[in-house]
Amino acid sequence: MKKKSRGLEFIRFIICGIASALADYLICQLFVFIIGNRISHIWLTVISTFFGFVIGTIVNYLLSTFWVYQNVDKDIKTKSPRFITLFTVFSFCALALSIGTMLLCNLVVTKGIGFESIVELSIIDLIKQFGISFLAQGIFWAYFISFCIKTLVGLVFNYFTRKYILYKEPKEN
């Protein structure tokens with residue numbers, strides 16, 4: 001197997017992460033839009049987060065396996081049930097870290113800055129309330145920065161678990 005560029009691999013990893021986060025986010029927002037007023041905020045958060053996570057994980061697994069990591073030890077069976085289970089477990093760990101990070105950011109936003117909670121914030125609701133000027137609202141930027149921090153924490157965890165545990169390169173002889 002020929003050696004692949006680590007720089008290109010990292011760029012593919014970033015693109016994969018963006019695509020996965022976008023799929024996750026869009027599914028969450030779709031659920032908020034479709035069932036937002038029909039159920040409690042807690043159930044809406046649980047359902048939208050769960051389905052966003054599932055779709056984001058599927059996108060991430062497919063892109064990681066077939067595109068990002070091209071220099072993988074031939075003994076690693078990336079399509080085996082054990083590998084997929086381990087991939088999912090690490091994805092759940094990243095989800096838990098991301099949720100914890102978002103809750104910590106929410107604590108800073110509500111207790112430190114004095115804004116309302118960003119955990120249940122819907123961009124669609126902000127657009128309905130403020131129109132295009134939602135971009136000038138402090139609560140939007142608090143949410144956006146918190147989302148970026150949460151995503152960065154998940155990204156770092158995912159990179160190291162995928163690169164050094166799941167998709168290991170062959171050992172040099």
# chains A, B, ... in the order shown; residues from 1 in each chain; ligands from 1
$ closest_atom_pairs --of "stretch 63-164 of chain A" --to "stretch 48-51 of chain A" --cutoff "12 Å" --atoms "only C-alpha atoms" --output "Markdown table"
| residue | atom | partner | partner_atom | distance |
| --- | --- | --- | --- | --- |
| A:Phe92 | CA | A:Phe50 | CA | 10.4 |
| A:Leu95 | CA | A:Thr49 | CA | 9.6 |
| A:Ala96 | CA | A:Thr49 | CA | 11.4 |
| A:Ser98 | CA | A:Thr49 | CA | 11.3 |
| A:Ile99 | CA | A:Thr49 | CA | 9.7 |
| A:Val119 | CA | A:Thr49 | CA | 11.1 |
| A:Glu120 | CA | A:Ser48 | CA | 10.8 |
| A:Ser122 | CA | A:Ser48 | CA | 11.5 |
$ write_last_selection --atoms "all heavy atoms" --output "short mmCIF file (atom, residue, chain, number, x, y, z; two decimals), in the first residue's frame"
data_model
loop_
_atom_site.label_atom_id
_atom_site.label_comp_id
_atom_site.auth_asym_id
_atom_site.auth_seq_id
_atom_site.Cartn_x
_atom_site.Cartn_y
_atom_site.Cartn_z
N PHE A 92 -20.57 7.87 20.16
CA PHE A 92 -21.38 8.20 21.33
C PHE A 92 -20.54 8.95 22.37
O PHE A 92 -21.03 9.88 23.01
CB PHE A 92 -21.99 6.94 21.97
CG PHE A 92 -23.34 6.59 21.44
CD1 PHE A 92 -23.53 5.44 20.70
CD2 PHE A 92 -24.44 7.41 21.67
CE1 PHE A 92 -24.78 5.11 20.20
CE2 PHE A 92 -25.70 7.09 21.17
CZ PHE A 92 -25.86 5.93 20.43
N LEU A 95 -20.31 12.36 21.21
CA LEU A 95 -21.60 13.00 21.45
C LEU A 95 -21.72 13.44 22.90
O LEU A 95 -22.13 14.57 23.19
CB LEU A 95 -22.75 12.05 21.08
CG LEU A 95 -24.16 12.56 21.40
CD1 LEU A 95 -24.49 13.79 20.56
CD2 LEU A 95 -25.18 11.45 21.16
N ALA A 96 -21.34 12.56 23.83
CA ALA A 96 -21.41 12.90 25.26
C ALA A 96 -20.51 14.09 25.58
O ALA A 96 -20.91 15.01 26.31
CB ALA A 96 -21.04 11.69 26.10
N SER A 98 -19.60 16.40 23.46
CA SER A 98 -20.21 17.56 22.80
C SER A 98 -21.39 18.09 23.60
O SER A 98 -21.54 19.30 23.78
CB SER A 98 -20.67 17.18 21.39
OG SER A 98 -19.56 16.87 20.58
N ILE A 99 -22.23 17.19 24.09
CA ILE A 99 -23.38 17.62 24.91
C ILE A 99 -22.89 18.30 26.18
O ILE A 99 -23.39 19.36 26.56
CB ILE A 99 -24.31 16.43 25.23
CG1 ILE A 99 -25.05 15.99 23.96
CG2 ILE A 99 -25.30 16.79 26.33
CD1 ILE A 99 -25.82 14.70 24.11
N VAL A 119 -29.67 26.08 24.59
CA VAL A 119 -29.80 24.65 24.32
C VAL A 119 -31.03 24.36 23.48
O VAL A 119 -30.99 23.52 22.58
CB VAL A 119 -29.84 23.85 25.64
CG1 VAL A 119 -30.10 22.39 25.39
CG2 VAL A 119 -28.55 24.03 26.42
N GLU A 120 -32.11 25.06 23.71
CA GLU A 120 -33.35 24.82 22.98
C GLU A 120 -33.56 25.83 21.86
O GLU A 120 -34.64 25.91 21.30
CB GLU A 120 -34.53 24.86 23.94
CG GLU A 120 -34.45 23.80 25.01
CD GLU A 120 -35.49 23.99 26.10
OE1 GLU A 120 -36.21 25.01 26.07
OE2 GLU A 120 -35.55 23.13 26.98
N SER A 122 -33.77 27.58 18.40
CA SER A 122 -34.00 27.20 17.01
C SER A 122 -33.70 28.40 16.12
O SER A 122 -34.26 29.48 16.32
CB SER A 122 -35.45 26.75 16.82
OG SER A 122 -35.78 26.72 15.45
#
$ residues_around --residues "A:Thr88" --least-positions-apart "5" --cutoff "12 Å" --atoms "only C-alpha atoms" --output "ChimeraX atom specification"
/A:53-61,81-83,93-95,158,161-162,166
$ write_last_selection --atoms "C-alpha atoms" --output "short mmCIF file (atom, residue, chain, number, x, y, z; two decimals), in the first residue's frame"
data_model
loop_
_atom_site.label_atom_id
_atom_site.label_comp_id
_atom_site.auth_asym_id
_atom_site.auth_seq_id
_atom_site.Cartn_x
_atom_site.Cartn_y
_atom_site.Cartn_z
CA PHE A 53 -26.64 11.98 15.64
CA VAL A 54 -27.67 8.80 13.80
CA ILE A 55 -27.61 10.44 10.37
CA GLY A 56 -24.38 12.33 11.15
CA THR A 57 -22.70 9.10 12.33
CA ILE A 58 -23.76 7.22 9.20
CA VAL A 59 -22.42 10.00 6.98
CA ASN A 60 -19.19 10.10 9.02
CA TYR A 61 -18.68 6.32 8.91
CA PRO A 81 -19.67 -5.62 13.00
CA ARG A 82 -16.94 -5.22 15.67
CA PHE A 83 -15.40 -2.23 13.88
CA CYS A 93 -18.39 9.26 23.47
CA ALA A 94 -17.87 12.25 21.17
CA LEU A 95 -21.60 13.00 21.45
CA ASN A 158 -12.97 12.01 16.68
CA THR A 161 -9.85 8.02 18.01
CA ARG A 162 -10.22 7.46 14.30
CA LEU A 166 -9.75 2.78 14.41
#
$ atom_distance --atom1 "atom CA of A:Ser64" --atom2 "atom CA of A:Phe13"
7.3 Å
$ closest_residue --among "A:Pro170, A:Val109, A:Asn71, A:Leu121" --to "A:Val32" --atoms "only C-alpha atoms"
A:Leu121
$ atom_distance --atom1 "atom CA of A:Gly131" --atom2 "atom CA of A:Gly114"
22.9 Å
$ residues_around --residues "A:Leu104" --least-positions-apart "6" --cutoff "12 Å" --atoms "only C-alpha atoms" --output "PyMOL selection string"
chain A and resi 97-98+110-112+117-119+146-147+149-150
$ write_last_selection --atoms "N, CA, C and O atoms" --output "PDB file, in the first residue's frame"
ATOM      1  N   LEU A  97     -19.300  14.096  25.025  1.00  0.00           N
ATOM      2  CA  LEU A  97     -18.397  15.239  25.221  1.00  0.00           C
ATOM      3  C   LEU A  97     -18.996  16.512  24.628  1.00  0.00           C
ATOM      4  O   LEU A  97     -18.916  17.586  25.232  1.00  0.00           O
ATOM      5  N   SER A  98     -19.603  16.399  23.459  1.00  0.00           N
ATOM      6  CA  SER A  98     -20.213  17.557  22.804  1.00  0.00           C
ATOM      7  C   SER A  98     -21.395  18.091  23.601  1.00  0.00           C
ATOM      8  O   SER A  98     -21.536  19.302  23.776  1.00  0.00           O
ATOM      9  N   THR A 110     -26.070  31.614  30.208  1.00  0.00           N
ATOM     10  CA  THR A 110     -27.215  31.992  31.049  1.00  0.00           C
ATOM     11  C   THR A 110     -26.781  32.648  32.353  1.00  0.00           C
ATOM     12  O   THR A 110     -27.347  33.654  32.757  1.00  0.00           O
ATOM     13  N   LYS A 111     -25.792  32.081  33.020  1.00  0.00           N
ATOM     14  CA  LYS A 111     -25.363  32.613  34.335  1.00  0.00           C
ATOM     15  C   LYS A 111     -24.337  33.731  34.206  1.00  0.00           C
ATOM     16  O   LYS A 111     -24.364  34.687  34.959  1.00  0.00           O
ATOM     17  N   GLY A 112     -23.435  33.598  33.246  1.00  0.00           N
ATOM     18  CA  GLY A 112     -22.372  34.589  33.108  1.00  0.00           C
ATOM     19  C   GLY A 112     -22.779  35.811  32.311  1.00  0.00           C
ATOM     20  O   GLY A 112     -22.524  36.944  32.708  1.00  0.00           O
ATOM     21  N   SER A 117     -31.518  30.527  27.623  1.00  0.00           N
ATOM     22  CA  SER A 117     -30.873  29.264  27.281  1.00  0.00           C
ATOM     23  C   SER A 117     -30.667  29.139  25.774  1.00  0.00           C
ATOM     24  O   SER A 117     -31.555  29.454  24.981  1.00  0.00           O
ATOM     25  N   ILE A 118     -29.501  28.644  25.391  1.00  0.00           N
ATOM     26  CA  ILE A 118     -29.220  28.401  23.973  1.00  0.00           C
ATOM     27  C   ILE A 118     -29.429  26.942  23.606  1.00  0.00           C
ATOM     28  O   ILE A 118     -29.393  26.592  22.436  1.00  0.00           O
ATOM     29  N   VAL A 119     -29.665  26.084  24.588  1.00  0.00           N
ATOM     30  CA  VAL A 119     -29.799  24.652  24.325  1.00  0.00           C
ATOM     31  C   VAL A 119     -31.028  24.365  23.475  1.00  0.00           C
ATOM     32  O   VAL A 119     -30.994  23.522  22.580  1.00  0.00           O
ATOM     33  N   SER A 146     -20.937  28.818  20.796  1.00  0.00           N
ATOM     34  CA  SER A 146     -21.052  27.595  21.591  1.00  0.00           C
ATOM     35  C   SER A 146     -21.088  26.363  20.688  1.00  0.00           C
ATOM     36  O   SER A 146     -20.456  25.351  20.979  1.00  0.00           O
ATOM     37  N   PHE A 147     -21.818  26.462  19.588  1.00  0.00           N
ATOM     38  CA  PHE A 147     -21.887  25.353  18.631  1.00  0.00           C
ATOM     39  C   PHE A 147     -20.509  25.062  18.053  1.00  0.00           C
ATOM     40  O   PHE A 147     -20.109  23.906  17.909  1.00  0.00           O
ATOM     41  N   ILE A 149     -17.537  25.701  19.475  1.00  0.00           N
ATOM     42  CA  ILE A 149     -16.710  25.109  20.538  1.00  0.00           C
ATOM     43  C   ILE A 149     -17.080  23.640  20.714  1.00  0.00           C
ATOM     44  O   ILE A 149     -16.205  22.764  20.775  1.00  0.00           O
ATOM     45  N   LYS A 150     -18.372  23.360  20.779  1.00  0.00           N
ATOM     46  CA  LYS A 150     -18.861  21.983  20.918  1.00  0.00           C
ATOM     47  C   LYS A 150     -18.372  21.123  19.757  1.00  0.00           C
ATOM     48  O   LYS A 150     -17.895  20.001  19.952  1.00  0.00           O
TER      49      LYS A 150
END
$ select_by_dssp --residues "chain A" --states "alpha helix (DSSP H)" --output "JSON, numbers by chain"
{"A": [6, 7, 8, 9, 10, 11, 12, 13, 14, 15, 16, 17, 18, 19, 20, 21, 22, 23, 24, 25, 26, 27, 28, 29, 30, 31, 32, 33, 34, 35, 41, 42, 43, 44, 45, 46, 47, 48, 49, 50, 51, 52, 53, 54, 55, 56, 57, 58, 59, 60, 61, 62, 63, 81, 82, 83, 84, 85, 86, 87, 88, 89, 90, 91, 92, 93, 94, 95, 96, 97, 98, 99, 100, 101, 102, 103, 104, 105, 106, 107, 123, 124, 125, 126, 127, 128, 129, 130, 138, 139, 140, 141, 142, 143, 144, 145, 146, 147, 148, 149, 150, 151, 152, 153, 154, 155, 156, 157, 158, 159, 160, 161]}
$ closest_residue --among "A:Lys163, A:Arg6, A:Arg38, A:Lys128" --to "A:Phe87" --atoms "only C-alpha atoms"
A:Lys163
$ atom_distance --atom1 "atom CA of A:Leu8" --atom2 "atom CA of A:Asp24"
24.0 Å
$ residues_around --residues "A:Gly36" --least-positions-apart "3" --cutoff "12 Å" --atoms "only C-alpha atoms" --output "PyMOL selection string"
chain A and resi 28-33+39-48+120-122+124-125
$ decode --residues "stretch 150-162 of chain A" --atoms "all heavy atoms" --output "short mmCIF file (atom, residue, chain, number, x, y, z; two decimals), in the first residue's frame"
data_model
loop_
_atom_site.label_atom_id
_atom_site.label_comp_id
_atom_site.auth_asym_id
_atom_site.auth_seq_id
_atom_site.Cartn_x
_atom_site.Cartn_y
_atom_site.Cartn_z
N LYS A 150 -18.37 23.36 20.78
CA LYS A 150 -18.86 21.98 20.92
C LYS A 150 -18.37 21.12 19.76
O LYS A 150 -17.90 20.00 19.95
CB LYS A 150 -20.38 21.98 20.96
CG LYS A 150 -21.02 20.61 20.83
CD LYS A 150 -22.50 20.70 20.53
CE LYS A 150 -22.76 20.92 19.09
NZ LYS A 150 -23.26 19.82 18.32
N THR A 151 -18.45 21.65 18.56
CA THR A 151 -18.03 20.92 17.37
C THR A 151 -16.52 20.68 17.38
O THR A 151 -16.05 19.59 17.03
CB THR A 151 -18.45 21.68 16.10
OG1 THR A 151 -19.87 21.84 16.13
CG2 THR A 151 -18.05 20.95 14.84
N LEU A 152 -15.75 21.66 17.82
CA LEU A 152 -14.29 21.52 17.90
C LEU A 152 -13.90 20.43 18.89
O LEU A 152 -13.00 19.62 18.61
CB LEU A 152 -13.65 22.86 18.29
CG LEU A 152 -12.12 22.88 18.32
CD1 LEU A 152 -11.55 22.56 16.94
CD2 LEU A 152 -11.63 24.23 18.81
N VAL A 153 -14.56 20.37 20.04
CA VAL A 153 -14.27 19.32 21.03
C VAL A 153 -14.54 17.95 20.41
O VAL A 153 -13.71 17.04 20.52
CB VAL A 153 -15.10 19.54 22.32
CG1 VAL A 153 -15.07 18.31 23.21
CG2 VAL A 153 -14.61 20.76 23.06
N GLY A 154 -15.68 17.79 19.75
CA GLY A 154 -16.00 16.53 19.09
C GLY A 154 -15.02 16.20 17.98
O GLY A 154 -14.61 15.05 17.81
N LEU A 155 -14.61 17.21 17.22
CA LEU A 155 -13.68 17.02 16.13
C LEU A 155 -12.34 16.49 16.62
O LEU A 155 -11.80 15.53 16.06
CB LEU A 155 -13.49 18.34 15.38
CG LEU A 155 -12.55 18.28 14.19
CD1 LEU A 155 -13.22 18.91 12.98
CD2 LEU A 155 -11.26 19.02 14.48
N VAL A 156 -11.80 17.09 17.66
CA VAL A 156 -10.50 16.66 18.20
C VAL A 156 -10.59 15.22 18.70
O VAL A 156 -9.74 14.38 18.39
CB VAL A 156 -10.02 17.62 19.31
CG1 VAL A 156 -8.83 17.05 20.06
CG2 VAL A 156 -9.68 18.98 18.72
N PHE A 157 -11.64 14.91 19.47
CA PHE A 157 -11.83 13.55 19.97
C PHE A 157 -11.96 12.56 18.81
O PHE A 157 -11.30 11.52 18.80
CB PHE A 157 -13.07 13.48 20.87
CG PHE A 157 -13.32 12.10 21.41
CD1 PHE A 157 -12.66 11.66 22.54
CD2 PHE A 157 -14.22 11.24 20.79
CE1 PHE A 157 -12.88 10.39 23.05
CE2 PHE A 157 -14.45 9.98 21.28
CZ PHE A 157 -13.78 9.54 22.41
N ASN A 158 -12.79 12.90 17.83
CA ASN A 158 -12.97 12.01 16.68
C ASN A 158 -11.69 11.80 15.90
O ASN A 158 -11.39 10.69 15.47
CB ASN A 158 -14.07 12.54 15.75
CG ASN A 158 -15.45 12.23 16.26
OD1 ASN A 158 -15.66 11.27 17.00
ND2 ASN A 158 -16.41 13.04 15.86
N TYR A 159 -10.92 12.87 15.70
CA TYR A 159 -9.69 12.73 14.92
C TYR A 159 -8.74 11.74 15.59
O TYR A 159 -8.23 10.83 14.94
CB TYR A 159 -8.99 14.08 14.73
CG TYR A 159 -7.74 13.93 13.90
CD1 TYR A 159 -7.84 13.77 12.53
CD2 TYR A 159 -6.48 13.92 14.48
CE1 TYR A 159 -6.70 13.60 11.75
CE2 TYR A 159 -5.35 13.75 13.71
CZ TYR A 159 -5.46 13.58 12.35
OH TYR A 159 -4.33 13.41 11.58
N PHE A 160 -8.53 11.92 16.88
CA PHE A 160 -7.57 11.03 17.55
C PHE A 160 -8.08 9.60 17.65
O PHE A 160 -7.30 8.66 17.47
CB PHE A 160 -7.17 11.60 18.91
CG PHE A 160 -6.19 12.73 18.77
CD1 PHE A 160 -6.60 14.04 18.88
CD2 PHE A 160 -4.86 12.48 18.46
CE1 PHE A 160 -5.70 15.08 18.71
CE2 PHE A 160 -3.95 13.50 18.28
CZ PHE A 160 -4.37 14.81 18.41
N THR A 161 -9.36 9.39 17.92
CA THR A 161 -9.85 8.02 18.01
C THR A 161 -9.86 7.34 16.64
O THR A 161 -9.54 6.15 16.54
CB THR A 161 -11.26 7.95 18.64
OG1 THR A 161 -12.17 8.74 17.89
CG2 THR A 161 -11.23 8.38 20.09
N ARG A 162 -10.19 8.08 15.62
CA ARG A 162 -10.22 7.46 14.30
C ARG A 162 -8.80 7.23 13.76
O ARG A 162 -8.48 6.14 13.28
CB ARG A 162 -11.02 8.31 13.33
CG ARG A 162 -12.51 8.19 13.70
CD ARG A 162 -13.41 8.93 12.86
NE ARG A 162 -14.79 9.04 13.12
CZ ARG A 162 -15.48 8.95 14.23
NH1 ARG A 162 -14.89 8.67 15.37
NH2 ARG A 162 -16.78 9.12 14.28
#
